[in-house]
>>> print(open('structure_16.csv').read())   # CSV, C-alpha atoms
chain,number,residue,atom,x,y,z
G,24,MET,CA,-11.9,-0.7,20.1
G,25,SER,CA,-10.7,-3.2,22.7
G,26,ALA,CA,-10.5,-1.8,26.3
G,27,SER,CA,-7.7,-4.2,27.2
G,28,PRO,CA,-4.6,-3.9,25.0
G,29,PRO,CA,-3.9,-6.7,22.6
G,30,PRO,CA,-0.8,-8.9,23.0
G,31,GLY,CA,2.3,-7.3,21.5
G,32,LEU,CA,1.2,-3.7,21.7
G,33,ASP,CA,1.3,-1.5,24.8
G,34,PRO,CA,-0.7,1.7,23.9
G,35,GLU,CA,1.0,3.8,26.7
G,36,GLN,CA,4.5,2.8,25.5
G,37,LEU,CA,3.5,3.6,21.9
G,38,ARG,CA,2.0,6.9,22.9
G,39,GLY,CA,5.2,7.9,24.8
G,40,ARG,CA,7.4,7.1,21.8
G,41,LEU,CA,5.1,9.0,19.4
G,42,ASP,CA,5.0,12.0,21.6
G,43,ARG,CA,8.8,12.1,21.5
G,44,GLU,CA,9.3,11.3,17.8
G,45,ARG,CA,6.1,12.8,16.3
G,46,PRO,CA,4.9,15.5,18.7
G,47,GLY,CA,1.4,16.6,18.1
G,48,LEU,CA,0.4,13.5,16.0
G,49,VAL,CA,-1.6,11.9,18.8
G,50,GLY,CA,-4.3,13.9,20.6
G,51,GLY,CA,-5.4,11.6,23.4
G,52,PRO,CA,-5.0,8.2,25.0
G,53,LEU,CA,-4.4,5.4,22.5
G,54,SER,CA,-6.3,2.1,22.2
G,55,ALA,CA,-5.6,-0.7,19.8
G,56,ARG,CA,-7.0,-4.0,18.4
G,57,LEU,CA,-5.3,-6.7,16.3
G,58,ILE,CA,-6.4,-6.8,12.7
G,59,GLU,CA,-6.8,-10.3,11.3
G,60,GLY,CA,-5.0,-11.3,8.1
G,61,GLY,CA,-1.5,-10.9,6.7
G,62,ARG,CA,1.0,-13.6,6.1
G,63,SER,CA,2.9,-13.6,9.5
G,64,ASN,CA,3.6,-10.1,10.8
G,65,LEU,CA,1.1,-8.7,13.2
G,66,THR,CA,-1.1,-5.7,12.2
G,67,TYR,CA,-2.9,-3.4,14.7
G,68,LEU,CA,-5.4,-0.6,14.3
G,69,VAL,CA,-4.6,2.2,16.7
G,70,THR,CA,-6.7,5.2,17.6
G,71,ASP,CA,-6.8,8.3,19.8
G,72,GLY,CA,-10.5,8.6,19.4
G,73,ALA,CA,-10.2,11.1,16.5
G,74,HIS,CA,-7.6,9.6,14.2
G,75,GLU,CA,-6.6,6.1,13.2
G,76,TRP,CA,-3.2,4.5,12.4
G,77,VAL,CA,-1.8,1.1,11.7
G,78,VAL,CA,1.1,-0.6,13.5
G,79,ARG,CA,3.1,-3.5,12.0
G,80,ARG,CA,5.4,-5.6,14.1
G,81,PRO,CA,6.8,-9.2,14.0
G,82,PRO,CA,5.0,-12.1,15.6
G,83,LEU,CA,5.2,-12.7,19.3
G,84,GLY,CA,8.1,-14.9,20.5
G,85,HIS,CA,11.6,-15.3,19.1
G,86,VAL,CA,12.2,-14.9,15.4
G,87,LEU,CA,15.3,-15.0,13.3
G,88,ALA,CA,17.1,-11.6,13.1
G,89,THR,CA,16.6,-11.5,9.3
G,90,ALA,CA,12.9,-12.5,9.4
G,91,HIS,CA,10.0,-10.1,9.6
G,92,ASP,CA,12.2,-7.2,8.9
G,93,MET,CA,10.3,-4.0,9.8
G,94,LYS,CA,13.0,-1.7,8.4
G,95,ARG,CA,12.8,-3.4,5.0
G,96,GLU,CA,9.0,-3.1,4.8
G,97,PHE,CA,9.1,0.5,6.0
G,98,ARG,CA,11.8,1.3,3.4
G,99,VAL,CA,9.9,-0.1,0.5
G,100,ILE,CA,6.6,1.7,1.3
G,101,SER,CA,8.6,4.9,2.0
G,102,ALA,CA,10.2,4.6,-1.4
G,103,LEU,CA,6.9,3.9,-3.2
G,104,HIS,CA,4.7,6.4,-1.4
G,105,PRO,CA,5.6,9.4,-3.7
G,106,THR,CA,5.0,7.2,-6.9
G,107,ALA,CA,1.8,6.2,-8.6
G,108,VAL,CA,1.7,2.9,-6.6
G,109,PRO,CA,-0.9,3.3,-3.8
G,110,VAL,CA,0.6,2.5,-0.4
G,111,PRO,CA,-0.2,3.9,3.1
G,112,GLU,CA,1.9,6.9,4.2
G,113,PRO,CA,4.7,5.7,6.4
G,114,LEU,CA,5.0,7.7,9.6
G,115,LEU,CA,7.5,6.2,12.0
G,116,LEU,CA,10.0,3.4,12.2
G,117,CYS,CA,11.1,2.3,15.6
G,118,GLU,CA,13.9,-0.2,15.8
G,119,ASP,CA,14.1,-0.1,19.6
G,120,PRO,CA,12.7,-3.4,20.9
G,121,ASP,CA,12.2,-1.9,24.4
G,122,VAL,CA,9.0,0.0,23.3
G,123,LEU,CA,6.8,-2.9,22.1
G,124,GLY,CA,9.1,-5.9,22.5
G,125,ALA,CA,10.2,-5.8,18.9
G,126,PRO,CA,10.9,-3.3,16.1
G,127,PHE,CA,7.7,-1.8,14.6
G,128,TYR,CA,6.5,0.9,12.3
G,129,LEU,CA,3.5,3.1,12.2
G,130,MET,CA,1.6,4.1,9.0
G,131,GLU,CA,-1.6,5.9,8.1
G,132,TYR,CA,-4.8,3.9,8.2
G,133,VAL,CA,-6.4,3.5,4.8
G,134,ALA,CA,-10.1,2.7,4.6
G,135,GLY,CA,-10.9,-0.1,2.2
G,136,THR,CA,-11.9,-3.7,1.8
G,137,PRO,CA,-9.7,-6.8,1.2
G,138,TYR,CA,-11.7,-9.4,-0.9
G,139,ARG,CA,-10.5,-12.9,-0.1
G,140,THR,CA,-13.1,-15.2,-1.7
G,141,ALA,CA,-15.6,-15.3,-4.6
G,142,GLU,CA,-18.4,-15.2,-2.0
G,143,GLN,CA,-17.2,-11.9,-0.7
G,144,LEU,CA,-17.0,-10.4,-4.2
G,145,ALA,CA,-20.5,-11.7,-5.2
G,146,PRO,CA,-22.4,-8.6,-3.8
G,147,LEU,CA,-20.3,-6.3,-6.2
G,148,GLY,CA,-21.8,-8.0,-9.2
G,149,PRO,CA,-20.0,-9.0,-12.5
G,150,GLU,CA,-19.2,-5.5,-13.8
G,151,ARG,CA,-17.7,-4.2,-10.5
G,152,THR,CA,-15.8,-7.4,-10.0
G,153,ARG,CA,-14.3,-7.2,-13.4
G,154,THR,CA,-13.3,-3.5,-12.8
G,155,ALA,CA,-11.6,-4.4,-9.5
G,156,VAL,CA,-9.6,-7.3,-10.9
G,157,LEU,CA,-8.4,-5.4,-14.0
G,158,GLY,CA,-7.4,-2.6,-11.7
G,159,LEU,CA,-5.2,-5.1,-9.8
G,160,VAL,CA,-3.3,-5.7,-13.1
G,161,ASP,CA,-3.0,-2.0,-13.8
G,162,THR,CA,-1.5,-1.4,-10.4
G,163,LEU,CA,1.0,-4.2,-10.9
G,164,VAL,CA,2.0,-2.5,-14.2
G,165,GLU,CA,2.5,0.8,-12.1
G,166,LEU,CA,4.6,-1.0,-9.6
G,167,HIS,CA,6.8,-2.6,-12.2
G,168,ALA,CA,7.3,0.7,-14.0
G,169,VAL,CA,9.0,2.2,-10.9
G,170,ASP,CA,12.7,2.7,-11.5
G,171,PRO,CA,14.3,1.2,-8.4
G,172,GLY,CA,17.4,3.4,-8.6
G,173,ALA,CA,15.2,6.6,-8.9
G,174,VAL,CA,13.4,5.8,-5.6
G,175,GLY,CA,16.5,4.7,-3.6
G,176,LEU,CA,15.9,0.9,-4.0
G,177,ALA,CA,18.9,0.1,-6.2
G,178,ASP,CA,20.3,-2.2,-3.6
G,179,PHE,CA,17.0,-3.7,-2.4
G,180,GLY,CA,17.7,-7.2,-3.7
G,181,ARG,CA,20.0,-9.3,-5.8
G,182,PRO,CA,18.3,-9.6,-9.2
G,183,GLU,CA,21.1,-11.5,-10.9
G,184,GLY,CA,20.2,-15.2,-10.9
G,185,PHE,CA,16.9,-14.5,-9.3
G,186,LEU,CA,14.8,-17.3,-10.8
G,187,ASP,CA,17.6,-19.9,-10.2
G,188,ARG,CA,17.8,-18.8,-6.5
G,189,GLN,CA,14.1,-18.9,-6.1
G,190,LEU,CA,13.8,-22.4,-7.5
G,191,ARG,CA,16.6,-23.7,-5.3
G,192,ARG,CA,15.1,-21.9,-2.3
G,193,TRP,CA,11.8,-23.6,-2.6
G,194,ALA,CA,13.4,-27.0,-3.4
G,195,LYS,CA,15.3,-26.6,-0.1
G,196,GLN,CA,12.0,-25.8,1.7
G,197,LEU,CA,10.5,-28.9,0.2
G,198,ASP,CA,13.4,-31.1,1.4
G,199,ALA,CA,13.0,-29.7,4.9
G,200,SER,CA,9.4,-31.0,5.2
G,201,ARG,CA,9.6,-34.1,3.0
G,202,ASN,CA,8.2,-37.1,4.9
G,203,ARG,CA,6.1,-38.8,2.3
G,204,ASP,CA,6.0,-39.7,-1.4
G,205,LEU,CA,4.7,-36.8,-3.5
G,206,PRO,CA,4.4,-38.1,-7.1
G,207,GLY,CA,5.3,-35.5,-9.7
G,208,ILE,CA,6.9,-32.9,-7.4
G,209,ASP,CA,10.5,-33.8,-8.4
G,210,GLU,CA,9.4,-34.0,-12.1
G,211,LEU,CA,7.8,-30.5,-11.8
G,212,HIS,CA,11.0,-29.1,-10.1
G,213,ALA,CA,13.2,-30.6,-12.8
G,214,ALA,CA,11.1,-29.4,-15.6
G,215,LEU,CA,11.1,-25.9,-14.2
G,216,GLY,CA,14.9,-26.0,-14.0
G,217,ARG,CA,15.2,-27.2,-17.6
G,218,SER,CA,12.9,-24.6,-19.1
G,219,MET,CA,13.8,-21.5,-17.0
G,220,PRO,CA,13.3,-18.4,-19.1
G,221,GLY,CA,15.6,-15.4,-19.3
G,222,SER,CA,14.4,-12.6,-17.0
G,223,PRO,CA,13.5,-9.2,-18.1
G,224,ALA,CA,15.1,-6.1,-16.5
G,225,PRO,CA,14.6,-6.3,-12.7
G,226,THR,CA,11.9,-4.3,-10.9
G,227,VAL,CA,10.5,-4.0,-7.4
G,228,VAL,CA,8.6,-7.3,-6.9
G,229,HIS,CA,5.8,-7.5,-4.3
G,230,GLY,CA,6.2,-11.3,-3.8
G,231,ASP,CA,2.6,-12.1,-2.8
G,232,TYR,CA,0.5,-10.0,-5.1
G,233,ARG,CA,-3.2,-10.9,-5.1
G,234,LEU,CA,-6.6,-9.3,-4.5
G,235,ASP,CA,-6.7,-10.0,-0.8
G,236,ASN,CA,-3.4,-8.1,-0.3
G,237,VAL,CA,-4.9,-4.8,-1.5
G,238,LEU,CA,-7.7,-2.6,-0.2
G,239,LEU,CA,-10.5,-1.6,-2.5
G,240,GLY,CA,-12.4,1.6,-2.0
G,241,ASP,CA,-16.2,2.1,-2.6
G,242,ASP,CA,-15.3,3.1,-6.2
G,243,ASP,CA,-13.7,-0.4,-6.7
G,244,ARG,CA,-10.3,1.2,-7.2
G,245,ILE,CA,-7.2,0.1,-5.2
G,246,LYS,CA,-6.6,2.4,-2.3
G,247,ALA,CA,-3.5,0.6,-0.9
G,248,VAL,CA,-1.3,-2.3,-1.6
G,249,LEU,CA,-0.4,-4.1,1.6
G,250,ASP,CA,1.9,-6.8,3.0
G,251,TRP,CA,5.3,-6.0,1.5
G,252,GLU,CA,7.3,-8.5,3.6
G,253,MET,CA,8.2,-10.6,0.6
G,254,SER,CA,9.2,-7.7,-1.6
G,255,THR,CA,12.6,-7.5,-3.3
G,256,LEU,CA,14.3,-6.6,-6.6
G,257,GLY,CA,13.8,-9.4,-9.1
G,258,ASP,CA,11.8,-10.8,-12.1
G,259,PRO,CA,8.5,-8.9,-12.4
G,260,LEU,CA,6.9,-11.8,-14.1
G,261,THR,CA,6.9,-13.8,-10.9
G,262,ASP,CA,4.3,-11.4,-9.6
G,263,LEU,CA,2.2,-11.9,-12.7
G,264,GLY,CA,2.6,-15.7,-12.6
G,265,LEU,CA,1.3,-15.7,-9.0
G,266,LEU,CA,-1.6,-13.5,-9.9
G,267,VAL,CA,-2.5,-15.8,-12.8
G,268,MET,CA,-2.3,-18.8,-10.5
G,269,TYR,CA,-4.7,-17.2,-8.0
G,270,SER,CA,-7.0,-16.4,-10.9
G,271,ALA,CA,-7.4,-20.0,-11.9
G,272,PRO,CA,-10.7,-21.6,-10.7
G,273,LEU,CA,-9.9,-23.9,-7.7
G,274,GLU,CA,-13.1,-25.8,-6.9
G,275,ILE,CA,-11.8,-27.6,-3.9
G,276,THR,CA,-14.0,-27.6,-0.8
G,277,GLY,CA,-12.0,-26.4,2.2
G,278,SER,CA,-9.1,-25.1,0.3
G,279,PRO,CA,-6.9,-22.8,2.4
G,280,ILE,CA,-5.8,-20.9,-0.7
G,281,SER,CA,-8.0,-17.9,-1.1
G,282,THR,CA,-9.1,-17.5,-4.7
G,283,THR,CA,-11.7,-15.1,-6.2
G,284,ALA,CA,-11.7,-16.8,-9.6
G,285,GLY,CA,-15.2,-18.2,-9.2
G,286,ALA,CA,-16.8,-14.8,-8.9
G,287,ALA,CA,-19.1,-13.7,-11.7
G,288,GLY,CA,-17.3,-11.2,-13.9
G,289,HIS,CA,-13.8,-12.3,-12.9
G,290,PRO,CA,-11.6,-11.9,-16.0
G,291,ALA,CA,-9.9,-15.1,-17.3
G,292,PRO,CA,-6.2,-15.5,-16.7
G,293,ALA,CA,-5.4,-15.0,-20.4
G,294,GLU,CA,-7.1,-11.6,-20.3
G,295,LEU,CA,-5.0,-10.6,-17.2
G,296,VAL,CA,-1.8,-11.5,-19.0
G,297,GLU,CA,-2.9,-9.6,-22.2
G,298,ARG,CA,-3.7,-6.5,-20.2
G,299,TYR,CA,-0.4,-6.7,-18.3
G,300,ALA,CA,1.6,-7.1,-21.6
G,301,ALA,CA,-0.2,-4.2,-23.2
G,302,GLY,CA,0.3,-1.9,-20.2
G,303,SER,CA,3.9,-2.9,-19.4
G,304,GLY,CA,5.3,-3.6,-22.9
G,305,ARG,CA,6.9,-6.8,-21.5
G,306,ASP,CA,7.1,-10.1,-23.3
G,307,THR,CA,4.8,-12.4,-21.5
G,308,SER,CA,5.2,-15.4,-23.8
G,309,ALA,CA,6.8,-17.5,-21.0
G,310,ILE,CA,4.0,-16.9,-18.5
G,311,ALA,CA,3.3,-20.6,-18.4
G,312,TRP,CA,6.6,-21.1,-16.7
G,313,TYR,CA,6.0,-18.4,-14.1
G,314,THR,CA,2.5,-19.7,-13.4
G,315,ALA,CA,3.8,-23.3,-13.0
G,316,PHE,CA,6.5,-22.0,-10.7
G,317,ALA,CA,3.7,-20.4,-8.6
G,318,TRP,CA,1.9,-23.7,-8.4
G,319,PHE,CA,5.2,-25.4,-7.3
G,320,LYS,CA,5.8,-22.8,-4.6
G,321,LEU,CA,2.3,-23.1,-3.2
G,322,ALA,CA,2.6,-26.9,-3.2
G,323,VAL,CA,5.8,-26.6,-1.2
G,324,ILE,CA,4.1,-24.1,1.3
G,325,LEU,CA,1.1,-26.4,1.7
G,326,GLU,CA,3.3,-29.4,2.2
G,327,GLY,CA,5.2,-27.5,4.9
G,328,ILE,CA,1.9,-26.8,6.7
G,329,HIS,CA,0.9,-30.5,6.3
G,330,TYR,CA,4.3,-31.6,7.7
G,331,ARG,CA,3.8,-29.4,10.8
G,332,TYR,CA,0.3,-30.8,11.2
G,333,THR,CA,1.6,-34.4,11.2
G,334,LEU,CA,4.0,-33.3,14.0
G,335,GLY,CA,1.3,-31.7,16.0
G,336,SER,CA,2.8,-28.3,15.6
G,337,THR,CA,-0.1,-26.4,14.1
G,338,VAL,CA,-2.5,-24.4,16.2
G,339,GLY,CA,-6.3,-24.4,15.5
G,340,GLY,CA,-8.4,-26.4,13.1
G,341,GLY,CA,-8.8,-26.9,9.4
G,342,PHE,CA,-5.4,-28.4,8.7
G,343,GLU,CA,-6.4,-32.0,8.3
G,344,ARG,CA,-7.2,-31.8,4.5
G,345,ILE,CA,-4.3,-29.6,3.5
G,346,GLY,CA,-2.1,-32.7,2.7
G,347,ASP,CA,-4.8,-33.8,0.2
G,348,LEU,CA,-4.5,-30.5,-1.7
G,349,VAL,CA,-0.7,-30.8,-2.4
G,350,PRO,CA,-1.1,-33.3,-5.3
G,351,VAL,CA,-3.7,-31.0,-6.9
G,352,PHE,CA,-1.2,-28.1,-6.9
G,353,ILE,CA,1.5,-30.4,-8.3
G,354,GLU,CA,-0.8,-31.6,-11.1
G,355,HIS,CA,-1.8,-28.0,-12.0
G,356,GLY,CA,1.9,-27.1,-12.2
G,357,LEU,CA,2.7,-30.0,-14.5
G,358,THR,CA,-0.3,-29.4,-16.7
G,359,THR,CA,0.5,-25.6,-17.0
G,360,LEU,CA,4.0,-26.4,-18.1
G,361,GLN,CA,3.0,-29.1,-20.6
G,362,GLU,CA,0.2,-27.1,-22.1
G,363,GLY,CA,2.1,-23.8,-22.2
>>> encode(input="structure_16.csv", output="structure tokens")
Amino acid sequence: MSASPPPGLDPEQLRGRLDRERPGLVGGPLSARLIEGGRSNLTYLVTDGAHEWVVRRPPLGHVLATAHDMKREFRVISALHPTAVPVPEPLLLCEDPDVLGAPFYLMEYVAGTPYRTAEQLAPLGPERTRTAVLGLVDTLVELHAVDPGAVGLADFGRPEGFLDRQLRRWAKQLDASRNRDLPGIDELHAALGRSMPGSPAPTVVHGDYRLDNVLLGDDDRIKAVLDWEMSTLGDPLTDLGLLVMYSAPLEITGSPISTTAGAAGHPAPAELVERYAAGSGRDTSAIAWYTAFAWFKLAVILEGIHYRYTLGSTVGGGFERIGDLVPVFIEHGLTTLQEG
């Protein structure tokens, strides 16, 4: 554990707040280190030498008041912790920015491994890989089986018109970073608008559900689902469509989109859909639309990164080829819609 505290977390300040709010939880001086990964919020591993916890807080610097909402993340894992959905136990929400410079929450540390690439899965072998990925589907079924009202999440989102709002939101994002011709992107957006399916009953939606946002134990079972910052109430099949998209082989050298689809034993997308349909009882006949929407969304995200790269606003390397990937995602989206 780092001797000097990482940016954004003062162990002494944290210890003082915990001693007041959760007396007896911490048994000694705290130290912390930043954990890599996650979409945008910062995640730290904290220890007193005998026990370990995790702290989540917004990125350093100024953020919009509605962005990186710690209270929202804490609320959803608090609601789900008593259910069959594996999430870390939430321990403390602190909305006082004077403690760490921003609101934060503390949760239990769950031991496990996030698998981000086919290469990382390879040592598991085909059978264990298959078990792990099918378990991802089963956990998604468990999440979508939770009654939002029964766990206090009836007002967690606005499910009416969810797909229409999502499509408009991502089109707006595209317009904000549009500085070159992208053949097919408007065609894909229009086709998605024309063929929008009717949504099933709303559920809690994770919003970024994939293998590298869960922790797997040594038994290849999911110990915890992480990164709930995109969660809301909405159409459950958007989670499945994204999972199917991430399960399609993407053999592009240098792709920034982590995919495990190339690992030996990884189930094909069709099997994942069938397993979800059998477990949930939902009609998945429109899954091509949801998968095409996931390709569109990722194309927009990548184009935004490319746009910031052209402005010189990205930090670090590896961004120079992202612009070349956007047409690939557009093509996948169009093909998925056309082939159904």
>>> atom_distance(input="structure_16.csv", atom1="CA of Ser336 (chain G)", atom2="CA of Arg203 (chain G)")
17.3 Å
>>> residues_around(input="structure_16.csv", residues="Gly135 (chain G)", least_positions_apart="6", cutoff="9 Å", atoms="only C-alpha atoms", output="NGL selection string")
:G and (237-241 or 245-247)
>>> closest_atom_pairs(input="structure_16.csv", of="region 190-263 of chain G", to="region 63-71 of chain G", cutoff="12 Å", atoms="all atoms listed in the file", output="tab-separated table")
residue	atom	partner	partner_atom	distance
G:Leu249	CA	G:Thr66	CA	10.7
G:Asp250	CA	G:Asn64	CA	8.6
G:Trp251	CA	G:Asn64	CA	10.3
G:Glu252	CA	G:Asn64	CA	8.3
G:Met253	CA	G:Ser63	CA	10.8
>>> residues_around(input="structure_16.csv", residues="region 214-220 of chain G", least_positions_apart="2", cutoff="7 Å", atoms="only C-alpha atoms", output="MDAnalysis selection string")
chainID G and resid 210:212 222 309 316
>>> atom_distance(input="structure_16.csv", atom1="CA of Phe127 (chain G)", atom2="CA of Arg80 (chain G)")
4.5 Å
>>> residues_around(input="structure_16.csv", residues="region 100-111 of chain G", least_positions_apart="3", cutoff="12 Å", atoms="only C-alpha atoms", output="MDAnalysis selection string")
chainID G and resid 76:78 93:97 114:116 128:135 158:177 179 227:229 236:240 244:252 254:255
